[in-house]
Amino acid sequence: MNLEELQSFYDFSGCTALITGGAGVLGGEIACALMGCNANVVILDRDQELAQKVIERFPKDAKGRAARVFGDVLNPESLQQANKTINAEFGALNILINAAGGNHPSATTKPDLSFFDLPLDALRHVGDLNLLGTILPCQVFGRGMAEREEGVILNVSSMNAFRPLTRIPAYSAAKAAINNFTQWLAVHMAQNYSPRIRVNAIAPGFFLTEQNRSLLTEKDTGELTARGKSILSHTPMQRFGNPEDLLGATLWLLSPASAFVTGAVIPIDGGFSAFSGV
Ligand SMILES: NC(=O)c1ccc[n+]([C@@H]2O[C@H](COP(=O)([O-])OP(=O)(O)OC[C@H]3O[C@@H](n4cnc5c(N)ncnc54)[C@H](OP(=O)(O)O)[C@@H]3O)[C@@H](O)[C@H]2O)c1
């Protein structure tokens, strides 16, 4: 193998990638990177204006085609409709990235909201969004991969899947379930359809985004909260992640460079999960 061959792994010309939650911070960054690597990129999200803003960030000289499509990851009919649109416009889908997900403040314990009082609808929303919101797109978009006997699926887990973080029980449990489902689907696809269908996940550590800003920084001053300080003191690299920190591992998992990797969950966390605290 030579450098040219290695580099060709990261040329996604002719591949079509769908990113659920692609209008979000992390999904949007992955979308831009794939576009820069010549893929056709489809952003699936509920807010089409935000999706369009991501498309406007795409490299102007990109060789692939870009599109946005409405979809709610908890609504199978909307996903089926999106699948029809994508098939008509791009043909077969090669890559599915499940980046829609997140926590919700109403499912987070606080001094005035104990675990015992967390509302059912909040717990259900966070559990469903992260777990079912990953499983349902795999059903709808994975079917074509099973029929064609090839494809790549990448789920987005989190640090708290390995060891739960305080205060966010539903989010932690749902991300742990994503790790388990990633392994399950990897085995299922390889054994029943094709070893050329790979299913992996990334587990981002702490990235300062809208979802967690209020947990990590003080609203008025922007100073770190006690939780934000505690995270940094448990992160050997001593910083939060930047969205572009995800790209190397993500592109590797999507590319033929990881052809023998399936069922893996890769931490991208500045060493957080490796550090015992001592
Ligand atoms: N940020 C971090 O530090 C961090 C760390 C570990 C893991 N993660 C995970 O990384 C993924 C992306 O996070 P992010 O920080 O980029 O969050 P984000 O900016 O909130 O992006 C999530 C996107 O998903 C969309 N979405 C939510 N519900 C949806 C639904 N039912 N159907 C379709 N789209 C929906 C959101 O759109 P709306 O605006 O319509 O809600 C948003 O565009 C999530 O799974 C998150 O749990 C994030």
# chains A, B, ... in the order shown; residues from 1 in each chain; ligands from 1

$ residues_near_ligand --ligand "ligand 1" --cutoff "7 Å" --atoms "only C-alpha atoms and all ligand atoms" --output "PDB file with N, CA, C and O atoms, in the first residue's frame"
ATOM      1  N   THR A  20     -28.678  12.630   9.782  1.00  0.00           N
ATOM      2  CA  THR A  20     -29.832  13.102  10.552  1.00  0.00           C
ATOM      3  C   THR A  20     -29.309  14.127  11.568  1.00  0.00           C
ATOM      4  O   THR A  20     -28.182  13.992  12.046  1.00  0.00           O
ATOM      5  N   GLY A  21     -30.111  15.129  11.861  1.00  0.00           N
ATOM      6  CA  GLY A  21     -29.621  16.192  12.745  1.00  0.00           C
ATOM      7  C   GLY A  21     -28.466  16.943  12.115  1.00  0.00           C
ATOM      8  O   GLY A  21     -27.649  17.562  12.811  1.00  0.00           O
ATOM      9  N   GLY A  22     -28.414  16.912  10.781  1.00  0.00           N
ATOM     10  CA  GLY A  22     -27.284  17.535  10.071  1.00  0.00           C
ATOM     11  C   GLY A  22     -27.284  19.050  10.134  1.00  0.00           C
ATOM     12  O   GLY A  22     -26.284  19.678   9.775  1.00  0.00           O
ATOM     13  N   ALA A  23     -28.385  19.631  10.603  1.00  0.00           N
ATOM     14  CA  ALA A  23     -28.401  21.087  10.771  1.00  0.00           C
ATOM     15  C   ALA A  23     -27.796  21.494  12.113  1.00  0.00           C
ATOM     16  O   ALA A  23     -27.590  22.679  12.373  1.00  0.00           O
ATOM     17  N   GLY A  24     -27.503  20.511  12.976  1.00  0.00           N
ATOM     18  CA  GLY A  24     -26.953  20.805  14.293  1.00  0.00           C
ATOM     19  C   GLY A  24     -25.452  21.083  14.239  1.00  0.00           C
ATOM     20  O   GLY A  24     -24.831  21.035  13.168  1.00  0.00           O
ATOM     21  N   VAL A  25     -24.897  21.340  15.412  1.00  0.00           N
ATOM     22  CA  VAL A  25     -23.488  21.753  15.483  1.00  0.00           C
ATOM     23  C   VAL A  25     -22.556  20.642  15.008  1.00  0.00           C
ATOM     24  O   VAL A  25     -21.733  20.836  14.104  1.00  0.00           O
ATOM     25  N   LEU A  26     -22.692  19.455  15.595  1.00  0.00           N
ATOM     26  CA  LEU A  26     -21.746  18.380  15.261  1.00  0.00           C
ATOM     27  C   LEU A  26     -22.085  17.760  13.903  1.00  0.00           C
ATOM     28  O   LEU A  26     -21.189  17.550  13.071  1.00  0.00           O
ATOM     29  N   GLY A  27     -23.372  17.514  13.655  1.00  0.00           N
ATOM     30  CA  GLY A  27     -23.777  16.958  12.351  1.00  0.00           C
ATOM     31  C   GLY A  27     -23.393  17.893  11.213  1.00  0.00           C
ATOM     32  O   GLY A  27     -22.961  17.447  10.144  1.00  0.00           O
ATOM     33  N   LEU A  44     -30.727  15.780   6.792  1.00  0.00           N
ATOM     34  CA  LEU A  44     -32.105  15.542   7.221  1.00  0.00           C
ATOM     35  C   LEU A  44     -32.297  16.209   8.563  1.00  0.00           C
ATOM     36  O   LEU A  44     -31.546  15.951   9.500  1.00  0.00           O
ATOM     37  N   ASP A  45     -33.267  17.090   8.637  1.00  0.00           N
ATOM     38  CA  ASP A  45     -33.553  17.766   9.906  1.00  0.00           C
ATOM     39  C   ASP A  45     -34.967  18.312   9.848  1.00  0.00           C
ATOM     40  O   ASP A  45     -35.597  18.310   8.784  1.00  0.00           O
ATOM     41  N   ARG A  46     -35.435  18.783  11.015  1.00  0.00           N
ATOM     42  CA  ARG A  46     -36.797  19.337  11.021  1.00  0.00           C
ATOM     43  C   ARG A  46     -36.795  20.777  10.553  1.00  0.00           C
ATOM     44  O   ARG A  46     -37.673  21.220   9.846  1.00  0.00           O
ATOM     45  N   ASP A  47     -35.760  21.524  10.936  1.00  0.00           N
ATOM     46  CA  ASP A  47     -35.718  22.958  10.617  1.00  0.00           C
ATOM     47  C   ASP A  47     -34.952  23.159   9.299  1.00  0.00           C
ATOM     48  O   ASP A  47     -33.717  23.076   9.266  1.00  0.00           O
ATOM     49  N   GLY A  71     -37.219  15.739   7.793  1.00  0.00           N
ATOM     50  CA  GLY A  71     -37.433  14.433   8.417  1.00  0.00           C
ATOM     51  C   GLY A  71     -37.444  14.582   9.922  1.00  0.00           C
ATOM     52  O   GLY A  71     -36.687  15.373  10.476  1.00  0.00           O
ATOM     53  N   ASP A  72     -38.350  13.834  10.555  1.00  0.00           N
ATOM     54  CA  ASP A  72     -38.376  13.758  12.013  1.00  0.00           C
ATOM     55  C   ASP A  72     -37.968  12.329  12.351  1.00  0.00           C
ATOM     56  O   ASP A  72     -38.645  11.379  11.937  1.00  0.00           O
ATOM     57  N   VAL A  73     -36.863  12.179  13.063  1.00  0.00           N
ATOM     58  CA  VAL A  73     -36.334  10.828  13.298  1.00  0.00           C
ATOM     59  C   VAL A  73     -37.266   9.963  14.150  1.00  0.00           C
ATOM     60  O   VAL A  73     -37.044   8.765  14.277  1.00  0.00           O
ATOM     61  N   LEU A  74     -38.294  10.588  14.719  1.00  0.00           N
ATOM     62  CA  LEU A  74     -39.253   9.800  15.496  1.00  0.00           C
ATOM     63  C   LEU A  74     -40.523   9.515  14.705  1.00  0.00           C
ATOM     64  O   LEU A  74     -41.480   8.971  15.255  1.00  0.00           O
ATOM     65  N   ALA A  99     -26.970  11.659  13.721  1.00  0.00           N
ATOM     66  CA  ALA A  99     -26.489  12.716  14.627  1.00  0.00           C
ATOM     67  C   ALA A  99     -27.623  13.462  15.319  1.00  0.00           C
ATOM     68  O   ALA A  99     -27.359  14.330  16.151  1.00  0.00           O
ATOM     69  N   ALA A 100     -28.880  13.150  14.987  1.00  0.00           N
ATOM     70  CA  ALA A 100     -29.987  13.800  15.719  1.00  0.00           C
ATOM     71  C   ALA A 100     -30.008  13.207  17.124  1.00  0.00           C
ATOM     72  O   ALA A 100     -29.904  11.999  17.292  1.00  0.00           O
ATOM     73  N   GLY A 101     -30.126  14.045  18.110  1.00  0.00           N
ATOM     74  CA  GLY A 101     -30.156  13.548  19.487  1.00  0.00           C
ATOM     75  C   GLY A 101     -29.837  14.663  20.435  1.00  0.00           C
ATOM     76  O   GLY A 101     -29.649  15.804  20.015  1.00  0.00           O
ATOM     77  N   GLY A 102     -29.801  14.332  21.712  1.00  0.00           N
ATOM     78  CA  GLY A 102     -29.439  15.339  22.699  1.00  0.00           C
ATOM     79  C   GLY A 102     -30.255  15.194  23.970  1.00  0.00           C
ATOM     80  O   GLY A 102     -31.199  14.406  24.040  1.00  0.00           O
ATOM     81  N   ASN A 103     -29.863  15.986  24.950  1.00  0.00           N
ATOM     82  CA  ASN A 103     -30.589  16.012  26.224  1.00  0.00           C
ATOM     83  C   ASN A 103     -31.616  17.138  26.193  1.00  0.00           C
ATOM     84  O   ASN A 103     -31.649  17.929  25.236  1.00  0.00           O
ATOM     85  N   LEU A 129     -35.833  10.158  21.639  1.00  0.00           N
ATOM     86  CA  LEU A 129     -35.052  10.903  20.637  1.00  0.00           C
ATOM     87  C   LEU A 129     -33.705  10.220  20.385  1.00  0.00           C
ATOM     88  O   LEU A 129     -33.291  10.034  19.239  1.00  0.00           O
ATOM     89  N   ASN A 130     -33.033   9.839  21.464  1.00  0.00           N
ATOM     90  CA  ASN A 130     -31.686   9.295  21.286  1.00  0.00           C
ATOM     91  C   ASN A 130     -31.693   7.837  20.829  1.00  0.00           C
ATOM     92  O   ASN A 130     -30.931   7.488  19.925  1.00  0.00           O
ATOM     93  N   GLY A 133     -34.706   7.383  17.925  1.00  0.00           N
ATOM     94  CA  GLY A 133     -34.286   8.310  16.866  1.00  0.00           C
ATOM     95  C   GLY A 133     -33.046   7.824  16.131  1.00  0.00           C
ATOM     96  O   GLY A 133     -32.665   8.379  15.096  1.00  0.00           O
ATOM     97  N   VAL A 156     -24.142   8.232  16.836  1.00  0.00           N
ATOM     98  CA  VAL A 156     -23.461   9.184  17.717  1.00  0.00           C
ATOM     99  C   VAL A 156     -23.867   8.885  19.156  1.00  0.00           C
ATOM    100  O   VAL A 156     -25.013   9.094  19.551  1.00  0.00           O
ATOM    101  N   SER A 157     -22.916   8.358  19.895  1.00  0.00           N
ATOM    102  CA  SER A 157     -23.122   8.041  21.304  1.00  0.00           C
ATOM    103  C   SER A 157     -22.604   9.211  22.138  1.00  0.00           C
ATOM    104  O   SER A 157     -22.665  10.360  21.687  1.00  0.00           O
ATOM    105  N   SER A 158     -22.084   8.927  23.292  1.00  0.00           N
ATOM    106  CA  SER A 158     -21.560   9.996  24.157  1.00  0.00           C
ATOM    107  C   SER A 158     -20.697   9.364  25.236  1.00  0.00           C
ATOM    108  O   SER A 158     -20.813   8.164  25.524  1.00  0.00           O
ATOM    109  N   MET A 159     -19.875  10.205  25.847  1.00  0.00           N
ATOM    110  CA  MET A 159     -19.063   9.787  26.978  1.00  0.00           C
ATOM    111  C   MET A 159     -19.895   9.112  28.058  1.00  0.00           C
ATOM    112  O   MET A 159     -19.487   8.151  28.680  1.00  0.00           O
ATOM    113  N   ALA A 203     -18.162   8.353  20.233  1.00  0.00           N
ATOM    114  CA  ALA A 203     -18.645   8.808  21.542  1.00  0.00           C
ATOM    115  C   ALA A 203     -17.925  10.116  21.873  1.00  0.00           C
ATOM    116  O   ALA A 203     -16.828  10.104  22.445  1.00  0.00           O
ATOM    117  N   PRO A 204     -18.532  11.239  21.465  1.00  0.00           N
ATOM    118  CA  PRO A 204     -17.878  12.522  21.758  1.00  0.00           C
ATOM    119  C   PRO A 204     -17.839  12.786  23.268  1.00  0.00           C
ATOM    120  O   PRO A 204     -18.743  12.383  24.000  1.00  0.00           O
ATOM    121  N   GLY A 205     -16.777  13.440  23.686  1.00  0.00           N
ATOM    122  CA  GLY A 205     -16.696  13.903  25.068  1.00  0.00           C
ATOM    123  C   GLY A 205     -17.482  15.193  25.198  1.00  0.00           C
ATOM    124  O   GLY A 205     -18.650  15.262  24.810  1.00  0.00           O
ATOM    125  N   PHE A 206     -16.823  16.229  25.652  1.00  0.00           N
ATOM    126  CA  PHE A 206     -17.552  17.465  25.962  1.00  0.00           C
ATOM    127  C   PHE A 206     -17.229  18.547  24.949  1.00  0.00           C
ATOM    128  O   PHE A 206     -16.096  18.993  24.831  1.00  0.00           O
ATOM    129  N   PHE A 207     -18.246  18.910  24.216  1.00  0.00           N
ATOM    130  CA  PHE A 207     -18.151  19.941  23.188  1.00  0.00           C
ATOM    131  C   PHE A 207     -19.100  21.037  23.641  1.00  0.00           C
ATOM    132  O   PHE A 207     -20.264  20.751  23.951  1.00  0.00           O
ATOM    133  N   LEU A 208     -18.628  22.256  23.679  1.00  0.00           N
ATOM    134  CA  LEU A 208     -19.471  23.341  24.171  1.00  0.00           C
ATOM    135  C   LEU A 208     -20.463  23.724  23.073  1.00  0.00           C
ATOM    136  O   LEU A 208     -20.109  24.398  22.111  1.00  0.00           O
ATOM    137  N   THR A 209     -21.703  23.216  23.187  1.00  0.00           N
ATOM    138  CA  THR A 209     -22.724  23.533  22.183  1.00  0.00           C
ATOM    139  C   THR A 209     -23.982  24.023  22.910  1.00  0.00           C
ATOM    140  O   THR A 209     -24.024  24.037  24.141  1.00  0.00           O
ATOM    141  N   GLU A 210     -25.007  24.380  22.133  1.00  0.00           N
ATOM    142  CA  GLU A 210     -26.214  24.940  22.745  1.00  0.00           C
ATOM    143  C   GLU A 210     -26.841  23.970  23.746  1.00  0.00           C
ATOM    144  O   GLU A 210     -27.404  24.374  24.749  1.00  0.00           O
ATOM    145  N   GLN A 211     -26.734  22.659  23.448  1.00  0.00           N
ATOM    146  CA  GLN A 211     -27.336  21.644  24.317  1.00  0.00           C
ATOM    147  C   GLN A 211     -26.824  21.689  25.746  1.00  0.00           C
ATOM    148  O   GLN A 211     -27.551  21.421  26.684  1.00  0.00           O
ATOM    149  N   ASN A 212     -25.515  21.955  25.899  1.00  0.00           N
ATOM    150  CA  ASN A 212     -24.943  21.814  27.233  1.00  0.00           C
ATOM    151  C   ASN A 212     -24.341  23.107  27.772  1.00  0.00           C
ATOM    152  O   ASN A 212     -23.790  23.126  28.855  1.00  0.00           O
TER     153      ASN A 212
END

$ residues_around --residues "Asn160 of chain A" --least-positions-apart "5" --cutoff "9 Å" --atoms "only C-alpha atoms" --output "PyMOL selection string"
chain A and resi 165+171-173+175-176+203+205

$ residues_around --residues "Ala67 of chain A" --least-positions-apart "4" --cutoff "10 Å" --atoms "only C-alpha atoms" --output "list in words"
Leu18, Asn40, Val41, Val42, Ile43, Leu44, Ala51, Gln52, Ile55, Ile86, Glu89 and Phe90 of chain A

$ write_last_selection --atoms "all heavy atoms" --output "mmCIF file, in the first residue's frame"
data_model
loop_
_atom_site.group_PDB
_atom_site.id
_atom_site.type_symbol
_atom_site.label_atom_id
_atom_site.label_comp_id
_atom_site.auth_asym_id
_atom_site.auth_seq_id
_atom_site.Cartn_x
_atom_site.Cartn_y
_atom_site.Cartn_z
ATOM 1 N N LEU A 18 -26.210 10.514 4.180
ATOM 2 C CA LEU A 18 -27.339 11.197 4.833
ATOM 3 C C LEU A 18 -26.979 11.431 6.288
ATOM 4 O O LEU A 18 -26.518 10.509 6.969
ATOM 5 C CB LEU A 18 -28.588 10.313 4.751
ATOM 6 C CG LEU A 18 -29.801 10.830 5.545
ATOM 7 C CD1 LEU A 18 -30.350 12.099 4.920
ATOM 8 C CD2 LEU A 18 -30.886 9.771 5.618
ATOM 9 N N ASN A 40 -21.702 13.240 -2.039
ATOM 10 C CA ASN A 40 -23.002 13.904 -2.090
ATOM 11 C C ASN A 40 -23.537 13.897 -0.662
ATOM 12 O O ASN A 40 -23.489 12.849 0.003
ATOM 13 C CB ASN A 40 -23.987 13.118 -2.959
ATOM 14 C CG ASN A 40 -23.530 13.025 -4.398
ATOM 15 O OD1 ASN A 40 -23.019 13.994 -4.952
ATOM 16 N ND2 ASN A 40 -23.705 11.863 -5.001
ATOM 17 N N VAL A 41 -24.044 15.030 -0.188
ATOM 18 C CA VAL A 41 -24.450 15.119 1.212
ATOM 19 C C VAL A 41 -25.903 15.577 1.315
ATOM 20 O O VAL A 41 -26.287 16.594 0.743
ATOM 21 C CB VAL A 41 -23.534 16.108 1.973
ATOM 22 C CG1 VAL A 41 -24.036 16.311 3.399
ATOM 23 C CG2 VAL A 41 -22.100 15.592 1.988
ATOM 24 N N VAL A 42 -26.675 14.784 2.064
ATOM 25 C CA VAL A 42 -28.072 15.154 2.310
ATOM 26 C C VAL A 42 -28.249 15.390 3.803
ATOM 27 O O VAL A 42 -27.928 14.523 4.622
ATOM 28 C CB VAL A 42 -29.040 14.039 1.855
ATOM 29 C CG1 VAL A 42 -30.488 14.512 2.010
ATOM 30 C CG2 VAL A 42 -28.749 13.621 0.422
ATOM 31 N N ILE A 43 -28.758 16.570 4.121
ATOM 32 C CA ILE A 43 -29.016 16.907 5.524
ATOM 33 C C ILE A 43 -30.485 16.660 5.829
ATOM 34 O O ILE A 43 -31.360 17.220 5.173
ATOM 35 C CB ILE A 43 -28.694 18.390 5.770
ATOM 36 C CG1 ILE A 43 -27.188 18.570 5.665
ATOM 37 C CG2 ILE A 43 -29.211 18.858 7.113
ATOM 38 C CD1 ILE A 43 -26.749 19.975 5.874
ATOM 39 N N LEU A 44 -30.727 15.780 6.792
ATOM 40 C CA LEU A 44 -32.105 15.542 7.221
ATOM 41 C C LEU A 44 -32.297 16.209 8.563
ATOM 42 O O LEU A 44 -31.546 15.951 9.500
ATOM 43 C CB LEU A 44 -32.371 14.041 7.313
ATOM 44 C CG LEU A 44 -33.777 13.626 7.753
ATOM 45 C CD1 LEU A 44 -34.226 12.365 7.025
ATOM 46 C CD2 LEU A 44 -33.888 13.428 9.261
ATOM 47 N N ALA A 51 -30.951 23.944 8.147
ATOM 48 C CA ALA A 51 -30.270 23.016 7.227
ATOM 49 C C ALA A 51 -29.678 23.808 6.056
ATOM 50 O O ALA A 51 -28.542 23.562 5.632
ATOM 51 C CB ALA A 51 -31.257 21.963 6.729
ATOM 52 N N GLN A 52 -30.437 24.781 5.564
ATOM 53 C CA GLN A 52 -29.945 25.584 4.448
ATOM 54 C C GLN A 52 -28.694 26.370 4.849
ATOM 55 O O GLN A 52 -27.757 26.513 4.064
ATOM 56 C CB GLN A 52 -31.062 26.538 3.975
ATOM 57 C CG GLN A 52 -30.723 27.365 2.758
ATOM 58 C CD GLN A 52 -30.299 26.517 1.552
ATOM 59 O OE1 GLN A 52 -30.803 25.424 1.340
ATOM 60 N NE2 GLN A 52 -29.348 27.021 0.761
ATOM 61 N N ILE A 55 -25.773 24.207 4.492
ATOM 62 C CA ILE A 55 -25.425 24.036 3.069
ATOM 63 C C ILE A 55 -24.653 25.262 2.562
ATOM 64 O O ILE A 55 -23.705 25.126 1.774
ATOM 65 C CB ILE A 55 -26.710 23.779 2.240
ATOM 66 C CG1 ILE A 55 -27.218 22.367 2.560
ATOM 67 C CG2 ILE A 55 -26.460 23.953 0.743
ATOM 68 C CD1 ILE A 55 -28.483 21.960 1.850
ATOM 69 N N ILE A 86 -34.653 10.956 -1.581
ATOM 70 C CA ILE A 86 -33.199 10.758 -1.764
ATOM 71 C C ILE A 86 -32.937 9.752 -2.885
ATOM 72 O O ILE A 86 -32.083 9.970 -3.746
ATOM 73 C CB ILE A 86 -32.554 10.283 -0.440
ATOM 74 C CG1 ILE A 86 -32.670 11.376 0.615
ATOM 75 C CG2 ILE A 86 -31.095 9.903 -0.646
ATOM 76 C CD1 ILE A 86 -32.446 10.890 2.026
ATOM 77 N N GLU A 89 -33.476 11.329 -6.209
ATOM 78 C CA GLU A 89 -32.519 12.377 -6.601
ATOM 79 C C GLU A 89 -31.078 11.859 -6.707
ATOM 80 O O GLU A 89 -30.316 12.295 -7.555
ATOM 81 C CB GLU A 89 -32.576 13.489 -5.562
ATOM 82 C CG GLU A 89 -32.341 14.854 -6.154
ATOM 83 C CD GLU A 89 -32.919 15.923 -5.255
ATOM 84 O OE1 GLU A 89 -34.130 15.866 -4.948
ATOM 85 O OE2 GLU A 89 -32.145 16.784 -4.841
ATOM 86 N N PHE A 90 -30.722 10.916 -5.823
ATOM 87 C CA PHE A 90 -29.308 10.494 -5.744
ATOM 88 C C PHE A 90 -29.100 9.009 -6.024
ATOM 89 O O PHE A 90 -27.970 8.556 -6.132
ATOM 90 C CB PHE A 90 -28.745 10.786 -4.342
ATOM 91 C CG PHE A 90 -28.632 12.245 -4.016
ATOM 92 C CD1 PHE A 90 -29.656 12.912 -3.369
ATOM 93 C CD2 PHE A 90 -27.495 12.963 -4.371
ATOM 94 C CE1 PHE A 90 -29.552 14.262 -3.061
ATOM 95 C CE2 PHE A 90 -27.380 14.311 -4.071
ATOM 96 C CZ PHE A 90 -28.416 14.967 -3.421
#

$ closest_residue --among "A:Leu154, A:Ala201, A:Leu96, A:Ile268" --to "Glu244 of chain A" --atoms "only C-alpha atoms"
A:Ile268

$ atom_distance --atom1 "atom CA of Glu5 of chain A" --atom2 "atom CA of Ala257 of chain A"
9.9 Å

$ closest_residue --among "A:Ala122, A:Pro195, A:Ala161, A:Leu34" --to "Trp252 of chain A" --atoms "only C-alpha atoms"
A:Leu34

$ residues_around --residues "segment 223-239 of chain A" --least-positions-apart "3" --cutoff "7 Å" --atoms "only C-alpha atoms" --output "MDAnalysis selection string"
chainID A and resid 215:218 270:272 275 277

$ closest_atom_pairs --of "segment 131-205 of chain A" --to "segment 108-111 of chain A" --cutoff "10 Å" --atoms "only C-alpha atoms" --output "CSV"
residue,atom,partner,partner_atom,distance
A:Thr166,CA,A:Thr109,CA,8.5
A:Arg167,CA,A:Thr109,CA,4.9
A:Ile168,CA,A:Thr108,CA,4.9
A:Pro169,CA,A:Thr108,CA,7.5
A:Ala170,CA,A:Thr108,CA,8.4
A:Tyr171,CA,A:Thr108,CA,8.9

$ select_by_dssp --residues "segment 96-219 of chain A" --states "strand (DSSP E or B)" --output "PyMOL selection string"
chain A and resi 96-98+110+113+151-156+197-204+207+217

$ closest_residue --among "A:Thr262, A:Thr16, A:Asn180, A:Thr221" --to "Asn87 of chain A" --atoms "only C-alpha atoms"
A:Thr16

$ atom_distance --atom1 "atom CA of Ala17 of chain A" --atom2 "atom CA of Gly144 of chain A"
13.2 Å

$ closest_residue --among "A:Ala31, A:Ala88, A:Ile135, A:Ala107" --to "Pro76 of chain A" --atoms "only C-alpha atoms"
A:Ile135

$ residues_around --residues "Met35 of chain A" --least-positions-apart "6" --cutoff "10 Å" --atoms "only C-alpha atoms" --output "count of residues only"
17

$ residues_around --residues "Leu79 of chain A" --least-positions-apart "2" --cutoff "10 Å" --atoms "only C-alpha atoms" --output "number ranges by chain"
A: 44, 69-77, 81-85, 136-137, 139-141

$ closest_residue --among "A:Val199, A:Phe162, A:Gln191, A:His104" --to "Asp269 of chain A" --atoms "only C-alpha atoms"
A:Phe162
